[in-house]
Amino acid sequence: MTYSKMGIAMVTGASAGIGAIYADRLARRGYDLILVARSQERLDEVARRIAGSTNCNVSTVAADLNDKADLGRIETLLGADPAITMLVNNAGIGGVAPLLESDVNKMQAMIELNITALTRLTYAAARAFVARGGGTIINISSAVAIAPEILNGVYGATKAFVLAFSLSLHKELADKKLRIQVVLPGAIATNFWDVSGGSLDDLPSKAIMQSDDLVDAALAGLDQGELVTIPSLPDVADWHAYEAARQKLIPNLSLNTSPARYGIAVAA
Ligand SMILES: NC(=O)C1=CN([C@@H]2O[C@H](COP(=O)(O)OP(=O)(O)OC[C@H]3O[C@@H](n4cnc5c(N)ncnc54)[C@H](OP(=O)(O)O)[C@@H]3O)[C@@H](O)[C@H]2O)C=CC1
Ligand SMILES: N[C@@H](C=O)C(=O)O
């Protein structure tokens with residue numbers, strides 16, 4: 001049940017870091033909130049802080065999105081509560097170790113959280129929002145989606161999935177009033193780095209953004225109608241040039257002949 005005209009925003013990974021700031025900012029924009037993460041204690045702390053400084057209704061659901069039953073509960077909730085109008089797919093973990101030094105079981109868990117959970121929640125939200133006449137999905141990707149050489153490769157690949165999936169969702173569902181935004185943050189000062197086994201101390205301070213600034217910039221990008229938001233990028237024309245180059249490739253990615261450089265004789 002919500003009394004907010006904006007409806008309810010569900011934010012995953014809302015007990016800390018970027019997700020907790022999204023929760024705060026969306027509450028200030030008039031959304032009621034459903035906050036999801038594993039730690040009930042930390043969710044309660046975030047919820048208390050927000051409820052104490054805004055008029056919004058905040059509820060919390062402790063769920064491990066790596067657990068099939070917990071994930072199923074959140075999917076069901078997205079479909080069942082008609083007041084939910086926004087999903088912020090933020091929960092995620094990273095890694096910094098190269099392939100030969102990383103544990104494949106941890107990589108699988110990362111894929112299950114960053115890809116599988118995000119995909120299942122997106123399916124649940126997209127179907128529900130289309131049936132309800134509209135809604136917004138914000139997917140938190142990463143700068144490493146387009147720079148997989150920087151951190152752990154599986155992490156970069158999971159975030160490339162989030163970017164590609166979001167571009168496709170936009171193409172398929174924009175005319176059904178489903179609003180998609182994908183956000184590609186650079187390095188942000190959160191616990192992410194401890195969890196990933198990295199350290200912000202290894203990065204120059206000019207490369208590190210605070211999570212408040214990241215979320216404020218990302219929401220400004222949402223207001224400006226951006227599909228892809230790269231909060232650190234000084235000149236958006238650079239992204240547009242990258243995207244234009246990608247679009248230029250598309251008509252030539254599937255042809256019935258190979259080019260002369262491969263030396264394959266063309267049948268007469
Ligand atoms: N920090 C950075 O430099 C960058 C981060 N990102 C992305 O931003 C997103 C948020 O990261 P950030 O805030 O930095 O990291 P934090 O580690 O600070 O926060 C991660 C959040 O996700 C929750 N979470 C982790 N695992 C699970 C799980 N299995 N089920 C449910 N919730 C879970 C955590 O809560 P709990 O432990 O209570 O479950 C916490 O609320 C991630 O997707 C990350 O990849 C992208 C680019 C850069
Ligand atoms: N985007 C950050 C991690 O995901 C980074 O660029 O360090």
# chains A, B, ... in the order shown; residues from 1 in each chain; ligands from 1
>>> residues_near_ligand(ligand="ligand 1", cutoff="8 Å", atoms="only C-alpha atoms and all ligand atoms", output="PyMOL selection string")
chain A and resi 12-20+36-40+42-43+62-67+89-94+113-114+140-144+155+159+184-195+208+211
>>> residues_around(residues="Ile230 of chain A", least_positions_apart="4", cutoff="12 Å", atoms="only C-alpha atoms", output="PyMOL selection string")
chain A and resi 140-146+163+181-187+214-215+217-222+226+234-240
>>> write_last_selection(atoms="N, CA, C and O atoms", output="compact mmCIF listing (two decimals), in the first residue's frame")
# COMPACT_ATOMS: atom_id res chain seq x y z
N ILE A 140 22.26 -0.74 -12.60
CA ILE A 140 23.60 -0.25 -12.29
C ILE A 140 24.62 -1.19 -12.93
O ILE A 140 24.79 -2.34 -12.50
N SER A 141 25.26 -0.68 -13.96
CA SER A 141 26.33 -1.41 -14.64
C SER A 141 27.64 -0.88 -14.07
O SER A 141 27.78 -0.71 -12.86
N SER A 142 28.60 -0.58 -14.91
CA SER A 142 29.89 -0.06 -14.45
C SER A 142 30.66 0.42 -15.67
O SER A 142 30.43 -0.05 -16.79
N ALA A 143 31.60 1.31 -15.41
CA ALA A 143 32.50 1.74 -16.49
C ALA A 143 33.24 0.54 -17.08
O ALA A 143 33.61 0.54 -18.27
N VAL A 144 33.44 -0.52 -16.27
CA VAL A 144 34.18 -1.67 -16.79
C VAL A 144 33.37 -2.48 -17.82
O VAL A 144 33.92 -3.36 -18.48
N ALA A 145 32.10 -2.13 -17.97
CA ALA A 145 31.31 -2.76 -19.05
C ALA A 145 31.96 -2.47 -20.40
O ALA A 145 31.90 -3.29 -21.32
N ILE A 146 32.56 -1.28 -20.53
CA ILE A 146 33.24 -0.95 -21.79
C ILE A 146 34.76 -0.87 -21.61
O ILE A 146 35.47 -0.48 -22.53
N LEU A 163 24.78 -3.77 -19.52
CA LEU A 163 24.68 -2.72 -20.53
C LEU A 163 23.92 -3.24 -21.76
O LEU A 163 22.96 -2.62 -22.24
N GLN A 181 17.09 3.03 -17.79
CA GLN A 181 18.37 3.77 -17.73
C GLN A 181 19.44 2.80 -17.24
O GLN A 181 19.21 2.03 -16.30
N VAL A 182 20.59 2.84 -17.89
CA VAL A 182 21.71 2.03 -17.41
C VAL A 182 22.83 3.00 -17.02
O VAL A 182 23.14 3.94 -17.76
N VAL A 183 23.38 2.78 -15.83
CA VAL A 183 24.36 3.72 -15.26
C VAL A 183 25.72 3.03 -15.21
O VAL A 183 25.83 1.89 -14.74
N LEU A 184 26.75 3.73 -15.70
CA LEU A 184 28.11 3.17 -15.74
C LEU A 184 29.02 3.99 -14.84
O LEU A 184 29.75 4.89 -15.31
N PRO A 185 29.01 3.71 -13.52
CA PRO A 185 29.90 4.48 -12.64
C PRO A 185 31.36 4.07 -12.82
O PRO A 185 31.66 2.93 -13.14
N GLY A 186 32.25 5.03 -12.58
CA GLY A 186 33.67 4.71 -12.40
C GLY A 186 33.87 4.28 -10.96
O GLY A 186 32.94 3.79 -10.31
N ALA A 187 35.07 4.48 -10.43
CA ALA A 187 35.34 4.04 -9.05
C ALA A 187 34.59 4.93 -8.06
O ALA A 187 34.70 6.16 -8.11
N LEU A 214 27.66 10.52 -7.33
CA LEU A 214 27.32 9.55 -8.40
C LEU A 214 25.80 9.49 -8.58
O LEU A 214 25.29 9.61 -9.70
N VAL A 215 25.09 9.31 -7.47
CA VAL A 215 23.64 9.12 -7.58
C VAL A 215 22.97 10.42 -8.04
O VAL A 215 22.05 10.40 -8.88
N ALA A 217 24.23 12.70 -9.98
CA ALA A 217 24.49 12.83 -11.42
C ALA A 217 23.63 11.83 -12.21
O ALA A 217 23.06 12.17 -13.26
N ALA A 218 23.55 10.61 -11.70
CA ALA A 218 22.77 9.58 -12.42
C ALA A 218 21.30 9.97 -12.49
O ALA A 218 20.64 9.79 -13.53
N LEU A 219 20.77 10.52 -11.41
CA LEU A 219 19.35 10.93 -11.43
C LEU A 219 19.15 12.15 -12.32
O LEU A 219 18.10 12.30 -12.97
N ALA A 220 20.16 13.03 -12.39
CA ALA A 220 20.07 14.15 -13.34
C ALA A 220 20.04 13.60 -14.76
O ALA A 220 19.27 14.07 -15.62
N GLY A 221 20.84 12.56 -15.02
CA GLY A 221 20.83 11.91 -16.34
C GLY A 221 19.46 11.30 -16.64
O GLY A 221 18.96 11.38 -17.76
N LEU A 222 18.85 10.71 -15.62
CA LEU A 222 17.50 10.14 -15.80
C LEU A 222 16.53 11.26 -16.17
O LEU A 222 15.74 11.14 -17.11
N GLU A 226 18.36 10.34 -20.46
CA GLU A 226 19.46 9.50 -20.96
C GLU A 226 19.11 8.02 -20.82
O GLU A 226 18.59 7.60 -19.79
N PRO A 234 33.50 13.49 -18.91
CA PRO A 234 33.39 14.95 -19.05
C PRO A 234 32.60 15.38 -20.28
O PRO A 234 31.79 16.28 -20.21
N ASP A 235 32.84 14.70 -21.44
CA ASP A 235 32.20 15.16 -22.67
C ASP A 235 31.31 14.04 -23.22
O ASP A 235 31.81 13.03 -23.73
N VAL A 236 30.01 14.24 -23.14
CA VAL A 236 29.07 13.19 -23.57
C VAL A 236 29.21 12.90 -25.06
O VAL A 236 28.83 11.81 -25.53
N ALA A 237 29.81 13.85 -25.82
CA ALA A 237 30.02 13.62 -27.25
C ALA A 237 30.92 12.40 -27.46
O ALA A 237 30.81 11.71 -28.49
N ASP A 238 31.80 12.10 -26.51
CA ASP A 238 32.67 10.92 -26.65
C ASP A 238 31.84 9.63 -26.62
O ASP A 238 32.11 8.69 -27.37
N TRP A 239 30.84 9.58 -25.73
CA TRP A 239 29.95 8.41 -25.71
C TRP A 239 29.15 8.34 -27.01
O TRP A 239 29.00 7.27 -27.60
N HIS A 240 28.65 9.49 -27.45
CA HIS A 240 27.84 9.48 -28.68
C HIS A 240 28.67 9.00 -29.87
O HIS A 240 28.17 8.29 -30.74
>>> closest_residue(among="A:Lys177, A:Gly197, A:Lys5, A:Thr85", to="Lys106 of chain A", atoms="only C-alpha atoms")
A:Gly197
>>> closest_residue(among="A:Thr119, A:Asn152, A:Asn252, A:Ser166", to="ligand 2", atoms="only C-alpha atoms and all ligand atoms")
A:Asn152
>>> select_by_dssp(residues="segment 36-266 of chain A", states="helix (DSSP H, G or I)", output="ChimeraX atom specification")
/A:40-53,68-80,99-101,104-131,143-145,153-176,192-196,200-202,205-207,211-223,236-252,260-262
>>> write_last_selection(atoms="C-alpha atoms", output="tab-separated table (two decimals), in the first residue's frame")
chain	number	residue	atom	x	y	z
A	40	GLN	CA	18.14	-6.74	8.13
A	41	GLU	CA	20.03	-4.70	10.69
A	42	ARG	CA	21.65	-2.43	8.11
A	43	LEU	CA	18.41	-2.13	6.13
A	44	ASP	CA	16.62	-1.04	9.32
A	45	GLU	CA	19.28	1.59	9.94
A	46	VAL	CA	18.91	3.02	6.41
A	47	ALA	CA	15.11	2.89	6.67
A	48	ARG	CA	15.11	4.68	10.07
A	49	ARG	CA	17.37	7.42	8.73
A	50	ILE	CA	15.19	8.02	5.65
A	51	ALA	CA	11.85	7.80	7.46
A	52	GLY	CA	13.19	10.29	10.02
A	53	SER	CA	14.09	12.89	7.42
A	68	LYS	CA	16.68	-19.03	-5.30
A	69	ALA	CA	13.81	-18.92	-2.80
A	70	ASP	CA	14.66	-15.41	-1.60
A	71	LEU	CA	14.98	-14.19	-5.18
A	72	GLY	CA	11.61	-15.77	-5.99
A	73	ARG	CA	10.02	-13.84	-3.09
A	74	ILE	CA	11.27	-10.53	-4.50
A	75	GLU	CA	10.11	-11.41	-8.01
A	76	THR	CA	6.66	-12.24	-6.62
A	77	LEU	CA	6.54	-8.96	-4.72
A	78	LEU	CA	7.36	-6.97	-7.87
A	79	GLY	CA	4.45	-8.61	-9.64
A	80	ALA	CA	2.03	-8.47	-6.74
A	99	LEU	CA	41.53	-15.05	-13.79
A	100	LEU	CA	44.39	-17.30	-12.64
A	101	GLU	CA	44.16	-15.89	-9.11
A	104	VAL	CA	35.74	-19.93	-10.09
A	105	ASN	CA	33.06	-20.61	-7.46
A	106	LYS	CA	33.19	-16.96	-6.41
A	107	MET	CA	32.99	-15.96	-10.06
A	108	GLN	CA	29.87	-18.09	-10.45
A	109	ALA	CA	28.31	-16.44	-7.39
A	110	MET	CA	29.12	-13.05	-8.93
A	111	ILE	CA	27.45	-14.06	-12.20
A	112	GLU	CA	24.39	-15.29	-10.28
A	113	LEU	CA	24.01	-11.97	-8.44
A	114	ASN	CA	25.10	-9.48	-11.11
A	115	ILE	CA	23.41	-11.25	-14.02
A	116	THR	CA	20.89	-13.90	-12.98
A	117	ALA	CA	19.23	-11.99	-10.16
A	118	LEU	CA	19.19	-8.74	-12.14
A	119	THR	CA	17.68	-10.55	-15.13
A	120	ARG	CA	14.96	-12.29	-13.13
A	121	LEU	CA	14.00	-9.10	-11.29
A	122	THR	CA	13.94	-7.21	-14.58
A	123	TYR	CA	11.62	-9.81	-16.12
A	124	ALA	CA	9.27	-9.57	-13.14
A	125	ALA	CA	9.31	-5.77	-13.15
A	126	ALA	CA	9.06	-5.35	-16.93
A	127	ARG	CA	6.02	-7.62	-17.22
A	128	ALA	CA	4.34	-5.92	-14.25
A	129	PHE	CA	5.14	-2.37	-15.40
A	130	VAL	CA	3.92	-2.99	-18.95
A	131	ALA	CA	0.67	-4.43	-17.56
A	143	ALA	CA	32.50	1.74	-16.49
A	144	VAL	CA	34.18	-1.67	-16.79
A	145	ALA	CA	31.31	-2.76	-19.05
A	153	GLY	CA	37.34	-9.91	-16.23
A	154	VAL	CA	34.26	-11.81	-15.06
A	155	TYR	CA	33.11	-8.71	-13.20
A	156	GLY	CA	33.56	-6.60	-16.35
A	157	ALA	CA	31.70	-9.21	-18.38
A	158	THR	CA	28.76	-9.22	-15.94
A	159	LYS	CA	28.52	-5.45	-16.28
A	160	ALA	CA	28.77	-5.67	-20.09
A	161	PHE	CA	25.77	-8.00	-19.87
A	162	VAL	CA	23.88	-5.35	-17.89
A	163	LEU	CA	24.68	-2.72	-20.53
A	164	ALA	CA	23.71	-4.94	-23.49
A	165	PHE	CA	20.55	-6.19	-21.77
A	166	SER	CA	19.50	-2.61	-20.99
A	167	LEU	CA	20.03	-1.43	-24.59
A	168	SER	CA	17.89	-4.30	-25.80
A	169	LEU	CA	15.18	-3.67	-23.19
A	170	HIS	CA	15.01	-0.06	-24.27
A	171	LYS	CA	14.59	-1.07	-27.92
A	172	GLU	CA	11.92	-3.65	-27.16
A	173	LEU	CA	9.89	-1.88	-24.51
A	174	ALA	CA	10.24	1.91	-24.75
A	175	ASP	CA	7.00	2.16	-26.73
A	176	LYS	CA	5.24	0.32	-23.89
A	192	PHE	CA	32.55	-2.51	-2.80
A	193	TRP	CA	36.33	-2.32	-2.77
A	194	ASP	CA	36.72	-4.25	0.50
A	195	VAL	CA	34.27	-6.90	-0.69
A	196	SER	CA	36.09	-7.12	-4.05
A	200	LEU	CA	40.75	2.56	-3.17
A	201	ASP	CA	44.22	3.51	-1.91
A	202	ASP	CA	45.60	2.04	-5.14
A	205	SER	CA	41.98	10.44	-5.68
A	206	LYS	CA	40.90	12.22	-8.86
A	207	ALA	CA	39.56	8.89	-10.15
A	211	SER	CA	28.39	7.88	-3.89
A	212	ASP	CA	26.22	10.99	-3.26
A	213	ASP	CA	27.70	12.71	-6.31
A	214	LEU	CA	27.32	9.55	-8.40
A	215	VAL	CA	23.64	9.12	-7.58
A	216	ASP	CA	22.83	12.83	-7.99
A	217	ALA	CA	24.49	12.83	-11.42
A	218	ALA	CA	22.77	9.58	-12.42
A	219	LEU	CA	19.35	10.93	-11.43
A	220	ALA	CA	20.07	14.15	-13.34
A	221	GLY	CA	20.83	11.91	-16.34
A	222	LEU	CA	17.50	10.14	-15.80
A	223	ASP	CA	15.71	13.52	-15.74
A	236	VAL	CA	29.07	13.19	-23.57
A	237	ALA	CA	30.02	13.62	-27.25
A	238	ASP	CA	32.67	10.92	-26.65
A	239	TRP	CA	29.95	8.41	-25.71
A	240	HIS	CA	27.84	9.48	-28.68
A	241	ALA	CA	30.83	8.93	-31.01
A	242	TYR	CA	31.41	5.44	-29.50
A	243	GLU	CA	27.74	4.61	-29.91
A	244	ALA	CA	27.66	5.98	-33.47
A	245	ALA	CA	30.64	3.76	-34.37
A	246	ARG	CA	28.80	0.74	-32.94
A	247	GLN	CA	25.63	1.60	-34.86
A	248	LYS	CA	27.69	1.98	-38.07
A	249	LEU	CA	28.93	-1.63	-37.66
A	250	ILE	CA	25.48	-3.13	-37.28
A	251	PRO	CA	24.40	-3.39	-40.97
A	252	ASN	CA	27.67	-5.22	-41.80
A	260	ALA	CA	38.89	-9.91	-49.31
A	261	ARG	CA	41.33	-9.74	-46.35
A	262	TYR	CA	40.52	-13.40	-45.45
>>> atom_distance(atom1="atom CA of Met10 of chain A", atom2="atom CA of Gly133 of chain A")
17.5 Å
>>> residues_around(residues="Ile84 of chain A", least_positions_apart="2", cutoff="7 Å", atoms="only C-alpha atoms", output="mmCIF file with N, CA and C atoms, in the first residue's frame")
data_model
loop_
_atom_site.group_PDB
_atom_site.id
_atom_site.type_symbol
_atom_site.label_atom_id
_atom_site.label_comp_id
_atom_site.auth_asym_id
_atom_site.auth_seq_id
_atom_site.Cartn_x
_atom_site.Cartn_y
_atom_site.Cartn_z
ATOM 1 N N GLY A 7 4.445 6.505 -6.411
ATOM 2 C CA GLY A 7 4.459 5.063 -6.235
ATOM 3 C C GLY A 7 5.658 4.618 -5.408
ATOM 4 N N ILE A 8 5.949 3.334 -5.514
ATOM 5 C CA ILE A 8 7.022 2.747 -4.697
ATOM 6 C C ILE A 8 8.228 2.437 -5.586
ATOM 7 N N ALA A 9 9.407 2.812 -5.106
ATOM 8 C CA ALA A 9 10.650 2.388 -5.767
ATOM 9 C C ALA A 9 11.250 1.239 -4.965
ATOM 10 N N LEU A 78 7.396 -7.936 -6.761
ATOM 11 C CA LEU A 78 7.357 -6.966 -7.875
ATOM 12 C C LEU A 78 6.080 -7.129 -8.693
ATOM 13 N N ASP A 81 2.589 -6.175 -6.084
ATOM 14 C CA ASP A 81 2.238 -4.866 -5.508
ATOM 15 C C ASP A 81 2.080 -3.843 -6.636
ATOM 16 N N PRO A 82 0.856 -3.479 -6.956
ATOM 17 C CA PRO A 82 0.620 -2.598 -8.108
ATOM 18 C C PRO A 82 1.175 -1.187 -7.898
ATOM 19 N N MET A 86 8.992 1.680 -9.836
ATOM 20 C CA MET A 86 10.419 1.784 -10.195
ATOM 21 C C MET A 86 11.198 0.629 -9.562
#
>>> closest_residue(among="A:Leu203, A:Met6, A:Leu87, A:Ile138", to="Asn57 of chain A", atoms="only C-alpha atoms")
A:Met6
>>> atom_distance(atom1="atom CA of Ser59 of chain A", atom2="atom CA of Val11 of chain A")
10.7 Å
>>> select_by_dssp(residues="segment 105-183 of chain A", states="strand (DSSP E or B)", output="list in words")
Gly135, Thr136, Ile137, Ile138, Asn139, Ile140, Leu178, Arg179, Ile180, Gln181, Val182 and Val183 of chain A
>>> closest_residue(among="A:Ala23, A:Val228, A:Ala147, A:Ile180", to="ligand 2", atoms="only C-alpha atoms and all ligand atoms")
A:Ala147
>>> atom_distance(atom1="atom CA of Arg179 of chain A", atom2="atom CA of Ile137 of chain A")
6.2 Å
